[in-house]
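S.K.: Quick one: this structure, given as structure tokens, is what I'll be asking you about.
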Amino acid sequence: MEKLKCKYCGAELDKVLLPPDNDWGVEYLMVCMNNDCSYYVKGWEWMREKYNVKASYRYKLNTFYGDDGPLSIRSPEDYTGWVVKKFSDKEGE
Ligand SMILES: [Zn+2]
């Protein structure tokens, strides 16, 4: 499978597993977890200016339906615990 990248920052998207009863109705989403991503950084400013809330969004791609868009978050830690880590076969350094 070809690597999926964020269309805003070019970072590789991470696979984020979702709980079974999630609103998306899918097993997982591909999400840009880069904290320097322009989309994510501007999201904080935009949400504060428009809605006066502390929130932002990350770029997400739903590979099941082929649609992309914002994944709203409330804290930089949101979803980070659900990222599927990539384990290598060897113990690298
Ligand atoms: Zn990005």
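Each chain of the structure tokens is named A, B, ... in the order shown, its residues numbered from 1; ligands are numbered from 1 in display order.
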Could you name the residues that touch Leu29 in chain A at 12 Å or less, counting only C-alpha atoms, but leaving out those on the same chain fewer than 5 positions away, as a ChimeraX atom specification?
M.R.: /A:4,13-19,22-24,58-71,79,82-84
S.K.: Suppose we keep C-alpha atoms; can you now write the selection as a short mmCIF file (atom, residue, chain, number, x, y, z; two decimals), in the first residue's frame?
M.R.:
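New file result.cif:
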```
data_model
loop_
_atom_site.label_atom_id
_atom_site.label_comp_id
_atom_site.auth_asym_id
_atom_site.auth_seq_id
_atom_site.Cartn_x
_atom_site.Cartn_y
_atom_site.Cartn_z
CA LEU A 4 -0.50 8.32 2.73
CA LEU A 13 -0.38 9.92 8.16
CA ASP A 14 -0.70 7.78 11.26
CA LYS A 15 -3.26 5.06 11.67
CA VAL A 16 -5.57 5.91 14.56
CA LEU A 17 -7.75 3.11 15.88
CA LEU A 18 -11.22 4.17 16.95
CA PRO A 19 -13.48 2.73 19.62
CA ASN A 22 -17.41 5.85 17.15
CA ASP A 23 -19.34 8.36 15.06
CA TRP A 24 -17.38 7.61 11.92
CA ARG A 58 -6.04 17.64 12.49
CA TYR A 59 -6.10 16.56 8.88
CA LYS A 60 -7.70 13.15 8.58
CA LEU A 61 -8.34 10.78 5.74
CA ASN A 62 -11.07 8.21 5.90
CA THR A 63 -9.78 5.44 3.67
CA PHE A 64 -13.04 3.52 3.89
CA TYR A 65 -15.09 6.21 2.19
CA GLY A 66 -12.25 8.03 0.49
CA ASP A 67 -13.05 11.39 2.04
CA ASP A 68 -10.80 13.73 3.94
CA GLY A 69 -11.27 16.71 6.20
CA PRO A 70 -10.86 17.98 9.74
CA LEU A 71 -10.79 15.81 12.81
CA TYR A 79 -6.09 10.63 19.75
CA TRP A 82 -4.87 5.51 19.79
CA VAL A 83 -2.13 5.75 17.22
CA VAL A 84 -1.02 2.36 16.03
#
```
S.K.: Could you find all residues in chain A that DSSP calls alpha helix (DSSP H) from the backbone, and write them as a list in words?
M.R.: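 These are the residues in question: Ser38, Tyr39, Tyr40, Val41, Lys42, Gly43, Trp44, Glu45, Trp46, Met47, Arg48, Glu49, Lys50 and Tyr51 of chain A.
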S.K.: Write out the residues from the selection above, keeping C-alpha atoms, as a CSV table (one decimal), in the first residue's frame.
M.R.:
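That gives us part_0.csv:
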```csv
chain,number,residue,atom,x,y,z
A,38,SER,CA,0.1,24.3,9.4
A,39,TYR,CA,-3.5,23.0,9.3
A,40,TYR,CA,-3.3,22.0,12.9
A,41,VAL,CA,-1.4,25.1,14.1
A,42,LYS,CA,-3.8,27.5,12.3
A,43,GLY,CA,-6.8,25.5,13.7
A,44,TRP,CA,-6.1,26.7,17.2
A,45,GLU,CA,-6.1,30.4,16.1
A,46,TRP,CA,-9.1,30.0,13.9
A,47,MET,CA,-11.2,28.3,16.5
A,48,ARG,CA,-10.3,30.9,19.1
A,49,GLU,CA,-11.1,33.8,16.8
A,50,LYS,CA,-14.3,32.4,15.4
A,51,TYR,CA,-15.8,30.5,18.3
```
S.K.: Residues contacting ligand 1 - anything with an atom at most 6 Å away, using only C-alpha atoms and all ligand atoms - can you give me those as a list in words?
M.R.: Cys6, Tyr8, Cys9, Ala11, Cys32, Asn34 and Cys37 of chain A
S.K.: Could you pull out the strand (DSSP E) residues of chain A, going by DSSP on the backbone, and write them as a list in words?
M.R.: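 Assigned to strand (DSSP E), within chain A: Asp14, Lys15, Val16, Leu17, Tyr28, Leu29, Met30, Val31, Ser56, Tyr57, Arg58, Tyr59, Lys60, Leu61, Asn62, Asp67, Asp68, Gly69, Pro70, Leu71, Ser72 and Ile73 of chain A.
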